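Have a look at my_file.txt below; it lists compact mmCIF, C-alpha atoms.
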# COMPACT_ATOMS: atom_id res chain seq x y z
CA MET A 1038 -24.44 36.74 -24.18
CA ASP A 1039 -23.64 37.33 -27.82
CA ILE A 1040 -22.23 34.16 -29.33
CA LYS A 1041 -22.09 32.93 -32.90
CA HIS A 1042 -22.70 29.42 -34.23
CA GLU A 1043 -19.25 29.52 -35.83
CA GLU A 1044 -17.62 30.17 -32.44
CA VAL A 1045 -19.30 27.13 -30.91
CA LEU A 1046 -18.28 24.97 -33.86
CA ALA A 1047 -14.70 26.23 -33.69
CA LEU A 1048 -14.55 25.42 -29.98
CA LEU A 1049 -15.99 21.94 -30.57
CA ILE A 1050 -13.16 21.31 -33.02
CA SER A 1051 -10.37 22.89 -30.99
CA SER A 1052 -11.42 21.05 -27.82
CA GLY A 1053 -10.82 17.77 -29.63
CA VAL A 1054 -14.34 16.45 -30.12
CA SER A 1055 -14.67 13.78 -32.83
CA ASP A 1056 -13.47 14.87 -36.29
CA GLU A 1057 -16.98 14.27 -37.60
CA VAL A 1058 -18.31 17.42 -35.94
CA ALA A 1059 -16.20 19.62 -38.26
CA GLY A 1060 -18.89 19.67 -40.94
CA ILE A 1061 -21.92 19.09 -38.74
CA GLU A 1062 -25.27 20.79 -39.42
CA TYR A 1063 -26.25 23.17 -36.64
CA ASP A 1064 -29.35 21.15 -35.79
CA ALA A 1065 -27.65 17.72 -35.95
CA SER A 1066 -26.95 15.66 -32.85
CA LEU A 1067 -23.38 15.88 -31.55
CA SER A 1068 -23.59 12.46 -29.93
CA ASP A 1069 -24.78 10.93 -33.22
CA ALA A 1070 -21.71 12.54 -34.83
CA GLY A 1071 -19.45 10.63 -32.45
CA ALA A 1072 -19.04 13.02 -29.52
CA ASP A 1073 -18.86 10.88 -26.37
CA SER A 1074 -19.45 11.89 -22.76
CA LEU A 1075 -15.79 12.78 -22.14
CA ASP A 1076 -15.57 14.88 -25.32
CA ILE A 1077 -18.67 16.75 -24.20
CA SER A 1078 -17.34 17.29 -20.66
CA ASN A 1079 -14.14 18.72 -22.09
CA PHE A 1080 -15.99 20.91 -24.59
CA PHE A 1081 -18.24 22.45 -21.92
CA LEU A 1082 -15.26 23.04 -19.66
CA CYS A 1083 -13.54 24.91 -22.53
CA LEU A 1084 -16.78 26.83 -23.18
CA GLU A 1085 -17.02 27.83 -19.51
CA GLU A 1086 -13.40 28.99 -19.46
CA LYS A 1087 -13.61 30.91 -22.75
CA PHE A 1088 -16.84 32.74 -21.96
CA ASN A 1089 -16.55 32.82 -18.16
CA VAL A 1090 -19.95 31.20 -17.60
CA LYS A 1091 -21.17 28.21 -15.59
CA VAL A 1092 -23.03 25.45 -17.43
CA LEU A 1093 -24.99 23.30 -15.00
CA ASP A 1094 -24.54 19.53 -15.14
CA GLU A 1095 -28.30 19.01 -15.41
CA ASP A 1096 -28.45 21.27 -18.49
CA ILE A 1097 -25.68 19.60 -20.44
CA ASP A 1098 -27.63 16.50 -21.49
CA GLU A 1099 -30.12 18.75 -23.33
CA LEU A 1100 -27.40 20.63 -25.22
CA ASP A 1101 -26.73 18.14 -28.00
CA THR A 1102 -26.74 20.44 -31.04
CA VAL A 1103 -24.90 23.63 -31.97
CA ASN A 1104 -28.27 25.42 -32.14
CA ALA A 1105 -29.17 24.30 -28.61
CA ILE A 1106 -25.81 25.43 -27.25
CA VAL A 1107 -26.07 28.84 -28.93
CA SER A 1108 -29.64 29.35 -27.63
CA TYR A 1109 -28.58 28.38 -24.13
CA MET A 1110 -25.59 30.69 -24.15
CA ARG A 1111 -27.58 33.62 -25.54
CA LYS A 1112 -29.82 33.39 -22.46
CA LYS A 1113 -26.79 33.75 -20.17
CA MET B 512 18.46 12.61 4.16
CA ILE B 513 15.42 10.35 3.87
CA GLY B 514 14.25 9.39 0.38
CA ILE B 515 12.95 6.46 -1.65
CA GLU B 516 15.37 3.54 -1.90
CA GLU B 517 13.19 1.04 -3.78
CA ILE B 518 9.58 0.20 -4.61
CA GLY B 519 7.89 -3.20 -4.51
CA VAL B 520 4.62 -3.77 -6.37
CA TYR B 521 1.81 -6.29 -6.42
CA ILE B 522 -0.82 -6.54 -9.15
CA PRO B 523 -3.22 -9.49 -8.77
CA LYS B 524 -3.04 -11.88 -11.73
CA THR B 525 -6.82 -12.15 -12.14
CA ARG B 526 -8.18 -9.73 -14.75
CA LYS B 527 -11.66 -8.52 -15.65
CA ASP B 528 -11.76 -8.02 -19.42
CA ASN B 529 -13.55 -4.75 -20.21
CA LEU B 530 -13.81 -5.70 -23.90
CA LEU B 531 -16.19 -8.48 -22.89
CA ARG B 532 -18.44 -6.08 -20.97
CA MET B 533 -18.35 -2.94 -23.11
CA CYS B 534 -21.57 -3.70 -25.04
CA GLU B 535 -23.49 -3.94 -21.75
CA PHE B 536 -22.65 -0.30 -21.12
CA GLY B 537 -23.00 1.05 -24.66
CA VAL B 538 -19.31 1.80 -25.18
CA ASN B 539 -16.98 0.55 -27.90
CA GLU B 540 -13.36 -0.57 -28.11
CA GLU B 541 -12.26 2.83 -29.41
CA PHE B 542 -13.75 4.51 -26.32
CA LEU B 543 -11.98 2.05 -24.02
CA LYS B 544 -8.65 2.49 -25.80
CA THR B 545 -8.61 6.24 -26.27
CA LYS B 546 -10.80 7.59 -23.46
CA THR B 547 -10.93 5.48 -20.30
CA GLY B 548 -7.77 3.68 -21.41
CA MET B 549 -8.65 0.67 -19.27
CA LEU B 550 -8.86 -2.54 -21.32
CA SER B 551 -8.74 -4.86 -18.33
CA LEU B 552 -8.85 -4.50 -14.56
CA ALA B 553 -6.82 -6.34 -11.93
CA LYS B 554 -8.96 -7.99 -9.28
CA LYS B 555 -7.88 -9.43 -5.97
CA GLY B 556 -9.05 -12.85 -4.80
CA ALA B 557 -12.32 -13.05 -2.87
CA GLU B 558 -10.53 -14.05 0.34
CA GLU B 559 -7.51 -11.83 -0.23
CA GLU B 560 -7.41 -8.93 2.24
CA THR B 561 -5.85 -5.48 1.89
CA SER B 562 -3.09 -6.54 4.28
CA ASP B 563 -2.40 -9.65 2.15
CA MET B 564 -1.87 -7.40 -0.86
CA CYS B 565 0.59 -5.31 1.17
CA VAL B 566 2.48 -8.45 2.16
CA SER B 567 2.69 -9.50 -1.52
CA ALA B 568 4.12 -6.09 -2.41
CA PHE B 569 6.69 -6.53 0.36
CA TYR B 570 7.75 -9.89 -1.13
CA ASP B 571 8.43 -8.07 -4.40
CA LEU B 572 10.47 -5.49 -2.51
CA GLN B 573 12.53 -8.28 -0.95
CA LYS B 574 13.40 -9.55 -4.44
CA LYS B 575 14.76 -6.10 -5.32
CA THR B 576 16.62 -5.23 -2.10
CA ASN B 577 18.21 -6.88 0.89
CA VAL B 578 15.64 -5.33 3.23
CA VAL B 579 15.35 -7.20 6.52
CA ALA B 580 12.13 -7.17 8.57
CA ASP B 581 14.03 -6.61 11.82
CA ASP B 582 15.45 -3.31 10.47
CA ILE B 583 12.07 -1.68 9.83
CA ASP B 584 11.38 1.28 12.14
CA CYS B 585 7.94 2.33 10.87
CA VAL B 586 5.07 1.21 8.64
CA VAL B 587 2.40 3.38 7.06
CA VAL B 588 -0.54 1.96 5.11
CA CYS B 589 -2.50 4.35 2.90
CA THR B 590 -5.98 2.93 2.29
CA GLN B 591 -9.68 3.74 2.46
CA ASN B 592 -10.59 0.07 2.02
CA PRO B 593 -8.83 -1.50 4.99
CA ASP B 594 -9.09 -5.02 6.37
CA ALA B 595 -12.48 -5.60 7.95
CA ARG B 596 -13.70 -2.12 8.96
CA GLY B 597 -10.34 -0.64 9.80
CA LEU B 598 -10.15 -1.70 13.43
CA PRO B 599 -7.50 -2.79 14.14
CA HIS B 600 -5.69 -0.66 11.61
CA THR B 601 -4.39 -2.51 8.56
CA SER B 602 -0.81 -1.42 9.25
CA ALA B 603 -0.96 -3.35 12.54
CA ILE B 604 -2.14 -6.45 10.66
CA VAL B 605 0.68 -6.02 8.13
CA HIS B 606 3.08 -5.60 11.07
CA ALA B 607 1.94 -8.97 12.43
CA LYS B 608 2.02 -10.78 9.07
CA LEU B 609 5.55 -9.58 8.32
CA GLY B 610 6.78 -10.30 11.85
CA LEU B 611 8.14 -6.80 12.34
CA PRO B 612 9.77 -5.75 15.63
CA THR B 613 7.67 -4.37 18.49
CA SER B 614 9.75 -1.18 18.42
CA CYS B 615 8.23 -0.42 15.00
CA ALA B 616 5.72 2.49 14.73
CA VAL B 617 2.68 1.68 12.57
CA PHE B 618 -0.34 3.70 11.47
CA ASP B 619 -2.84 4.06 8.63
CA ILE B 620 -3.59 7.10 6.50
CA SER B 621 -7.08 7.57 5.04
CA LEU B 622 -6.69 9.16 1.62
CA GLY B 623 -7.56 8.17 -1.93
CA CYS B 624 -5.87 9.17 -5.18
CA SER B 625 -3.74 11.91 -3.55
CA GLY B 626 -2.70 9.44 -0.87
CA TYR B 627 0.73 8.41 -2.10
CA VAL B 628 2.05 11.96 -2.27
CA TYR B 629 0.58 12.97 1.09
CA SER B 630 1.81 9.76 2.72
CA LEU B 631 5.28 10.22 1.30
CA SER B 632 5.50 13.61 2.97
CA ILE B 633 4.08 12.25 6.24
CA ILE B 634 6.41 9.25 6.51
CA GLN B 635 9.45 11.28 5.47
CA SER B 636 8.68 13.95 8.10
CA PHE B 637 7.87 11.31 10.74
CA MET B 638 11.14 9.51 10.13
CA LEU B 639 13.19 12.71 10.19
CA ALA B 640 11.47 14.00 13.35
CA ASN B 641 12.03 10.74 15.21
CA GLY B 642 15.42 9.66 13.92
CA LEU B 643 14.07 6.55 12.16
CA LYS B 644 16.25 4.94 9.47
CA LYS B 645 14.02 2.54 7.51
CA GLY B 646 10.31 2.92 6.83
CA LEU B 647 7.75 1.17 4.66
CA LEU B 648 5.01 3.13 2.93
CA PHE B 649 2.28 0.82 1.63
CA THR B 650 -0.55 1.77 -0.70
CA ALA B 651 -3.42 -0.70 -1.12
CA ASP B 652 -6.95 0.46 -1.84
CA PRO B 653 -8.89 -2.42 -3.43
CA TYR B 654 -11.98 -0.73 -4.87
CA SER B 655 -13.38 -4.13 -5.85
CA LYS B 656 -14.69 -4.12 -2.25
CA ILE B 657 -17.01 -1.19 -2.96
CA ILE B 658 -17.60 -1.08 -6.74
CA ASP B 659 -21.11 -1.75 -8.01
CA ASN B 660 -20.52 -4.04 -10.99
CA ASN B 661 -23.50 -2.55 -12.80
CA ASP B 662 -22.41 1.09 -12.45
CA LYS B 663 -21.21 2.24 -15.88
CA ASN B 664 -19.42 5.25 -14.37
CA THR B 665 -17.05 3.20 -12.23
CA CYS B 666 -17.08 -0.53 -12.94
CA LEU B 667 -14.90 -0.28 -16.07
CA LEU B 668 -12.30 1.96 -14.42
CA PHE B 669 -10.93 0.72 -11.12
CA GLY B 670 -8.50 -2.12 -10.46
CA ASP B 671 -6.77 -3.59 -7.41
CA ALA B 672 -3.05 -3.31 -6.65
CA ALA B 673 -0.63 -2.64 -3.82
CA THR B 674 2.81 -1.09 -3.57
CA VAL B 675 5.45 -0.57 -0.92
CA SER B 676 8.07 2.15 -0.96
CA LEU B 677 11.18 1.61 1.15
CA LEU B 678 12.32 4.92 2.63
CA SER B 679 15.82 5.06 4.01
CA GLU B 680 19.02 7.04 4.41
CA GLN B 681 20.37 5.42 1.21
CA PRO B 682 17.82 6.78 -1.25
CA VAL B 683 17.84 6.44 -5.02
CA TRP B 684 15.23 9.21 -5.23
CA GLY B 685 15.47 12.42 -3.23
CA ILE B 686 12.26 14.27 -2.43
CA GLY B 687 11.81 17.99 -3.07
CA ALA B 688 9.20 20.41 -1.74
CA PHE B 689 5.55 19.33 -1.67
CA SER B 690 2.36 21.25 -2.38
CA PHE B 691 -1.10 20.25 -1.16
CA GLY B 692 -4.71 21.26 -1.70
CA SER B 693 -8.24 20.37 -0.68
CA LYS B 694 -11.82 21.30 -1.59
CA GLY B 695 -14.00 19.48 0.87
CA ALA B 696 -17.09 21.36 -0.32
CA ASP B 697 -17.02 19.30 -3.54
CA GLY B 698 -16.23 16.02 -1.80
CA GLU B 699 -19.59 14.50 -2.74
CA ALA B 700 -18.27 14.04 -6.28
CA ILE B 701 -16.45 10.87 -5.17
CA ARG B 702 -17.98 9.03 -2.27
CA VAL B 703 -19.32 5.85 -0.76
CA GLN B 704 -23.05 6.02 -0.04
CA GLU B 705 -23.60 5.64 3.67
CA ASP B 706 -26.62 3.32 3.42
CA SER B 707 -25.67 1.02 0.57
CA GLY B 708 -21.90 1.13 0.89
CA ARG B 709 -21.89 1.64 -2.88
CA PHE B 710 -19.15 3.71 -4.48
CA GLU B 711 -20.28 6.65 -6.62
CA MET B 712 -18.43 9.14 -8.78
CA ASN B 713 -19.61 12.20 -10.69
CA GLY B 714 -17.23 11.88 -13.63
CA ARG B 715 -17.98 15.31 -15.06
CA SER B 716 -17.29 17.11 -11.78
CA VAL B 717 -14.10 15.18 -11.20
CA PHE B 718 -12.93 15.90 -14.74
CA SER B 719 -13.62 19.65 -14.45
CA PHE B 720 -11.86 19.84 -11.10
CA THR B 721 -8.82 17.97 -12.33
CA ALA B 722 -8.48 19.83 -15.62
CA THR B 723 -8.81 23.26 -14.03
CA VAL B 724 -6.99 22.87 -10.69
CA ILE B 725 -4.16 20.41 -11.25
CA PRO B 726 -2.10 22.05 -14.06
CA ALA B 727 -1.83 25.35 -12.13
CA HIS B 728 -1.13 23.43 -8.91
CA ILE B 729 1.75 21.51 -10.54
CA LYS B 730 3.23 24.71 -11.98
CA ASP B 731 3.04 26.38 -8.54
CA MET B 732 4.73 23.37 -6.93
CA LEU B 733 7.52 23.47 -9.53
CA GLU B 734 8.03 27.16 -8.89
CA LYS B 735 8.38 26.39 -5.18
CA ASN B 736 11.19 23.98 -6.19
CA ASP B 737 12.80 26.60 -8.48
CA LEU B 738 11.95 24.40 -11.48
CA THR B 739 9.75 24.64 -14.55
CA VAL B 740 7.81 22.12 -16.62
CA ASP B 741 10.70 22.06 -19.11
CA ASN B 742 13.19 20.90 -16.43
CA MET B 743 11.26 17.70 -15.79
CA ASP B 744 11.93 14.34 -17.46
CA LEU B 745 8.80 12.52 -16.36
CA PHE B 746 5.33 13.37 -15.07
CA ALA B 747 4.03 10.49 -12.97
CA LEU B 748 0.40 11.60 -12.81
CA HIS B 749 -2.37 9.68 -11.08
CA GLN B 750 -3.76 7.28 -13.67
CA GLY B 751 -7.45 8.15 -13.33
CA SER B 752 -8.11 7.54 -17.03
CA ARG B 753 -6.24 8.01 -20.29
CA PHE B 754 -8.44 11.00 -21.10
CA ILE B 755 -7.62 12.84 -17.88
CA VAL B 756 -3.89 12.13 -18.22
CA ASP B 757 -4.00 13.35 -21.86
CA THR B 758 -5.95 16.45 -20.85
CA LEU B 759 -3.44 17.34 -18.12
CA ARG B 760 -0.53 16.75 -20.50
CA LYS B 761 -2.03 19.12 -23.07
CA ARG B 762 -2.82 21.78 -20.47
CA LEU B 763 0.70 21.53 -19.05
CA GLY B 764 2.18 21.74 -22.55
CA VAL B 765 4.33 18.64 -22.08
CA PRO B 766 5.39 16.18 -24.83
CA GLU B 767 3.55 12.84 -24.85
CA GLU B 768 6.67 10.77 -24.09
CA LYS B 769 7.09 12.50 -20.72
CA VAL B 770 3.62 11.62 -19.45
CA PRO B 771 3.13 7.86 -19.36
CA PHE B 772 -0.21 6.12 -19.19
CA VAL B 773 0.52 2.61 -17.92
CA ALA B 774 -2.76 1.47 -16.36
CA SER B 775 -4.47 -0.01 -19.43
CA LYS B 776 -4.02 -3.61 -18.26
CA TYR B 777 -4.89 -3.18 -14.58
CA GLY B 778 -7.02 -0.03 -14.13
CA ASN B 779 -7.15 2.97 -11.83
CA THR B 780 -5.51 1.67 -8.66
CA VAL B 781 -6.10 4.85 -6.61
CA SER B 782 -3.12 5.60 -4.31
CA SER B 783 -1.07 2.84 -5.95
CA SER B 784 -1.09 4.38 -9.44
CA ILE B 785 1.93 6.68 -8.95
CA PRO B 786 4.25 4.18 -7.20
CA LEU B 787 3.34 1.62 -9.87
CA ILE B 788 4.87 4.02 -12.41
CA LEU B 789 7.89 4.67 -10.19
CA GLY B 790 8.39 0.95 -9.58
CA GLY B 791 8.64 0.25 -13.32
CA GLU B 792 11.58 0.65 -15.68
CA LEU B 793 12.33 4.38 -15.76
CA GLY B 794 15.56 4.45 -17.80
CA ASP B 795 17.72 7.56 -17.66
CA ILE B 796 15.27 9.77 -15.80
CA LYS B 797 16.57 12.40 -13.39
CA ASN B 798 13.64 14.64 -12.40
CA ILE B 799 10.08 13.47 -11.83
CA VAL B 800 6.85 15.24 -11.00
CA ILE B 801 4.46 13.15 -8.93
CA ALA B 802 0.87 14.39 -8.69
CA GLY B 803 -2.18 12.74 -7.14
CA PHE B 804 -5.74 14.06 -7.15
CA GLY B 805 -9.23 12.78 -6.41
CA VAL B 806 -11.21 11.71 -3.31
CA GLY B 807 -11.79 14.62 -0.95
CA LEU B 808 -11.48 16.48 -3.17
CA SER B 809 -7.80 16.40 -2.42
CA TRP B 810 -4.61 16.90 -4.36
CA ALA B 811 -0.87 16.91 -3.80
CA SER B 812 2.33 17.00 -5.82
CA ALA B 813 6.08 16.96 -5.36
CA VAL B 814 9.35 16.55 -7.21
CA LEU B 815 11.60 13.49 -7.02
CA TYR B 816 15.20 13.76 -8.16
CA LYS B 817 17.70 10.99 -8.89
CA ILE B 818 20.59 10.81 -6.48
CA GLU B 819 23.79 10.09 -8.34
CA LYS B 820 25.86 7.49 -6.52
CA GLU B 821 29.50 8.36 -5.90
CA VAL B 822 31.89 6.08 -7.78

Represent the structure contained in this file as structure tokens.
Amino acid sequence: MDIKHEEVLALLISSGVSDEVAGIEYDASLSDAGADSLDISNFFLCLEEKFNVKVLDEDIDELDTVNAIVSYMRKK
Amino acid sequence: MIGIEEIGVYIPKTRKDNLLRMCEFGVNEEFLKTKTGMLSLAKKGAEEETSDMCVSAFYDLQKKTNVVADDIDCVVVCTQNPDARGLPHTSAIVHAKLGLPTSCAVFDISLGCSGYVYSLSIIQSFMLANGLKKGLLFTADPYSKIIDNNDKNTCLLFGDAATVSLLSEQPVWGIGAFSFGSKGADGEAIRVQEDSGRFEMNGRSVFSFTATVIPAHIKDMLEKNDLTVDNMDLFALHQGSRFIVDTLRKRLGVPEEKVPFVASKYGNTVSSSIPLILGGELGDIKNIVIAGFGVGLSWASAVLYKIEKEV
């Protein structure tokens, strides 16, 4: 799947994840930037709905940076 | 017409303070306030049984109405944490403790967070089918019986409470059309482990299910009632957490003031969460959506409408 880093970042912001992620580096930890487990659940639900993909529960814990999310999605 | 005349409530006075335990689980006050929403949890006494909680809710009902035990035609108790192991059924124990007449029909309903809405439909239909005039619908599901106090996913969420709705031919709230749904294939997301008796919940699965299924379900139910989201004054949604109530509100496109979150001082009380809202001060509200969702997975919703009394 073709997906851009900017699209992931925009979705992180629009899904309501902590304000601190707005200027986050692509390789920085989302949880360190204040994203909690509920923010992350909501973000991945929005990601699934927007791109019509299924993200497995067991994969989500590893997807803690924008880079990791983009790499994962590009393999879909 | 059978509808809701009054609601009695019981919330145990004992509280577990989540602010005192949050560090144990790596969460902060902000998370408790804005995400789970539960700052403290109501907890029943060690010797207090589910039926005792129902009786306490009935005492509250008696303060609000002139209901007389001898007039009660049927009793329904919605619980998945009954007295002992559910045999005899808790409604029979409540029947005995309240000294209700032997002509009274009593039975339990095993449902969780969707239980109030389902049970409301069941008792209303049962009363109409059998010509009964006064019925009591109890909800009491004390999760403190099954919660593992070291489980971060659940031990800061659930509280104990009971309610009783008096259904009669002199209702304050009429009841519109219901809608129901189930997805048993995903039922493992909220369950009690058979061996340990320990309660478990997959928060992420429950969140995804709720956020994706419930808004469309509510809109379909409103359409069945020839109503829209904009016609409704209040959305009494199951109080699973502040985050889930906020998420549903945003997905429904409803203003914040129409979707109360009232559970911060007592927790997620399962099937009691909706009647606890209805039993509070509602002001000049005319049309209410009630929606419950959770264990099963199961969900249900309906519309309540205020019946204007003739002057």

Using all atoms listed in the file, I'd like a table of the residues in chain A that come within 8 Å of chain B; for each, show the closest atom pair and its distance in Å rounded to one decimal, ordered by chain and ascending number, as JSON lines.
{"residue": "A:Leu1075", "atom": "CA", "partner": "B:Lys546", "partner_atom": "CA", "distance": 7.3}
{"residue": "A:Ser1078", "atom": "CA", "partner": "B:Arg715", "partner_atom": "CA", "distance": 6.0}
{"residue": "A:Asn1079", "atom": "CA", "partner": "B:Ser719", "partner_atom": "CA", "distance": 7.7}
{"residue": "A:Leu1082", "atom": "CA", "partner": "B:Ser719", "partner_atom": "CA", "distance": 6.4}
{"residue": "A:Asp1094", "atom": "CA", "partner": "B:Arg715", "partner_atom": "CA", "distance": 7.8}

Next item on the list: Using all atoms listed in the file, find the one residue out of B:Glu680, B:Glu699, B:Asp671, B:Asp563 that sits nearest to Ser809 in chain B.
Entry: B:Glu699

Note to self: What's the separation between CA of Thr545 in chain B and CA of Asp1064 in chain A, in Å to one decimal place?
What the structure shows: 27.3 Å

Item checked: Pick from B:Leu622, B:Val806, B:Cys565, B:Met712, whichever lies nearest to Thr601 in chain B using all atoms listed in the file ->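 Distance minimum relative to Thr601 in chain B lands on B:Cys565.
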
Notebook entry, point to check: From the list A:Gly1071, A:Val1058, A:Asn1104, A:Lys1112, which residue is nearest Lys1041 in chain A when using all atoms listed in the file?
Noted result: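 Smallest separation from Lys1041 in chain A among the options: A:Asn1104.
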
Margin query: Need the shell around Asp1076 in chain A: protein/DNA/RNA residues with any atom at most 9 Å away, counting all atoms listed in the file. Skip same-chain ones fewer than 5 positions apart. Format as a list in words?
Written below: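 Residues meeting the cut-off are Leu1049, Ser1052, Gly1053, Val1054, Ser1055 and Phe1081 of chain A; Lys546 of chain B.
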
Next item on the list: Can you work out which one of B:Ile522, B:Ile583, B:Cys589, B:Val617 has the shortest atom-to-atom distance to Asp571 in chain B, counting all atoms listed in the file?
Entry: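 Going through B:Ile522, B:Ile583, B:Cys589, B:Val617 one by one, the smallest distance to Asp571 in chain B is for B:Ile522.
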
Item checked: Spatial neighbours of range 555-557 of chain B, 12 Å, all atoms listed in the file, chain gap at least 2 places, as a PyMOL selection string -> chain B and resi 521-527+552-553+559-565+567+651-656+669-673+777+780

Next item on the list: Just give me the gap between CA of Gly764 in chain B and CA of Glu819 in chain B in Å, one decimal is fine.
Entry: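 Separating CA of Gly764 in chain B from CA of Glu819 in chain B is a distance of 28.4 Å.
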
Margin query: Ranking B:Ala595, B:Ile513, B:Ile796, B:Val724 by minimum distance to Ile633 in chain B and counting only C-alpha atoms, which one comes first?
Written below: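 Under the stated criterion, the closest residue is B:Ile513.
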
Check: Which is closest to Asp697 in chain B among B:Leu808, B:Met743, B:Leu631, B:Val566, if we use all atoms listed in the file?
Finding: B:Leu808

Item checked: Shell around Ile818 in chain B at 10 Å using only C-alpha atoms, local window under 4 positions removed, as JSON, numbers by chain -> {"B": [514, 681, 682, 683, 684, 685, 686, 797, 798]}

Item checked: Spatial neighbours of Leu733 in chain B, 10 Å, only C-alpha atoms, chain gap at least 4 places, as a list of chain:residue names ->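 Using only C-alpha atoms, the neighbours found are B:Gly687, B:Ala688, B:Phe689, B:Ser690, B:Ala727, B:His728, B:Ile729, B:Asp737, B:Leu738, B:Thr739, B:Val740, B:Asn742, B:Met743, B:Val800, B:Ser812, B:Ala813, B:Val814.
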
Check: Could you work out how far CA of Pro612 in chain B lies from CA of Ala580 in chain B, giving the answer in Å with one decimal?
Finding: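 About the pair CA of Ala580 in chain B and CA of Pro612 in chain B: they are 7.6 Å apart.
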
Where atoms are missing, can you supply all heavy atoms for range 738-743 of chain B and output the lot as a JSON list (two decimals), in the frame of the given file?
[["chain", "number", "residue", "atom", "x", "y", "z"],
["B", 738, "LEU", "N", 11.91, 25.19, -10.24],
["B", 738, "LEU", "CA", 11.95, 24.40, -11.48],
["B", 738, "LEU", "C", 10.80, 24.86, -12.38],
["B", 738, "LEU", "O", 9.89, 25.56, -11.95],
["B", 738, "LEU", "CB", 11.79, 22.91, -11.16],
["B", 738, "LEU", "CG", 12.94, 22.25, -10.37],
["B", 738, "LEU", "CD1", 12.50, 20.91, -9.81],
["B", 738, "LEU", "CD2", 14.16, 22.07, -11.28],
["B", 739, "THR", "N", 10.86, 24.40, -13.63],
["B", 739, "THR", "CA", 9.75, 24.64, -14.55],
["B", 739, "THR", "C", 9.37, 23.31, -15.19],
["B", 739, "THR", "O", 10.10, 22.32, -15.06],
["B", 739, "THR", "CB", 10.12, 25.62, -15.68],
["B", 739, "THR", "OG1", 11.07, 24.97, -16.54],
["B", 739, "THR", "CG2", 10.71, 26.91, -15.14],
["B", 740, "VAL", "N", 8.27, 23.32, -15.91],
["B", 740, "VAL", "CA", 7.81, 22.12, -16.62],
["B", 740, "VAL", "C", 8.92, 21.58, -17.53],
["B", 740, "VAL", "O", 9.12, 20.37, -17.63],
["B", 740, "VAL", "CB", 6.55, 22.49, -17.43],
["B", 740, "VAL", "CG1", 6.25, 21.42, -18.47],
["B", 740, "VAL", "CG2", 5.35, 22.67, -16.51],
["B", 741, "ASP", "N", 9.66, 22.47, -18.15],
["B", 741, "ASP", "CA", 10.70, 22.06, -19.11],
["B", 741, "ASP", "C", 11.88, 21.34, -18.44],
["B", 741, "ASP", "O", 12.62, 20.62, -19.10],
["B", 741, "ASP", "CB", 11.23, 23.27, -19.89],
["B", 741, "ASP", "CG", 10.16, 23.88, -20.76],
["B", 741, "ASP", "OD1", 9.22, 23.14, -21.13],
["B", 741, "ASP", "OD2", 10.24, 25.09, -21.05],
["B", 742, "ASN", "N", 12.09, 21.55, -17.14],
["B", 742, "ASN", "CA", 13.19, 20.90, -16.43],
["B", 742, "ASN", "C", 12.90, 19.43, -16.13],
["B", 742, "ASN", "O", 13.80, 18.69, -15.72],
["B", 742, "ASN", "CB", 13.45, 21.57, -15.06],
["B", 742, "ASN", "CG", 13.87, 23.02, -15.19],
["B", 742, "ASN", "OD1", 13.32, 23.88, -14.54],
["B", 742, "ASN", "ND2", 14.83, 23.29, -16.06],
["B", 743, "MET", "N", 11.66, 19.02, -16.29],
["B", 743, "MET", "CA", 11.26, 17.70, -15.79],
["B", 743, "MET", "C", 11.33, 16.64, -16.89],
["B", 743, "MET", "O", 10.96, 16.88, -18.03],
["B", 743, "MET", "CB", 9.84, 17.78, -15.23],
["B", 743, "MET", "CG", 9.64, 18.87, -14.18],
["B", 743, "MET", "SD", 10.91, 18.90, -12.87],
["B", 743, "MET", "CE", 10.56, 17.35, -12.04]]
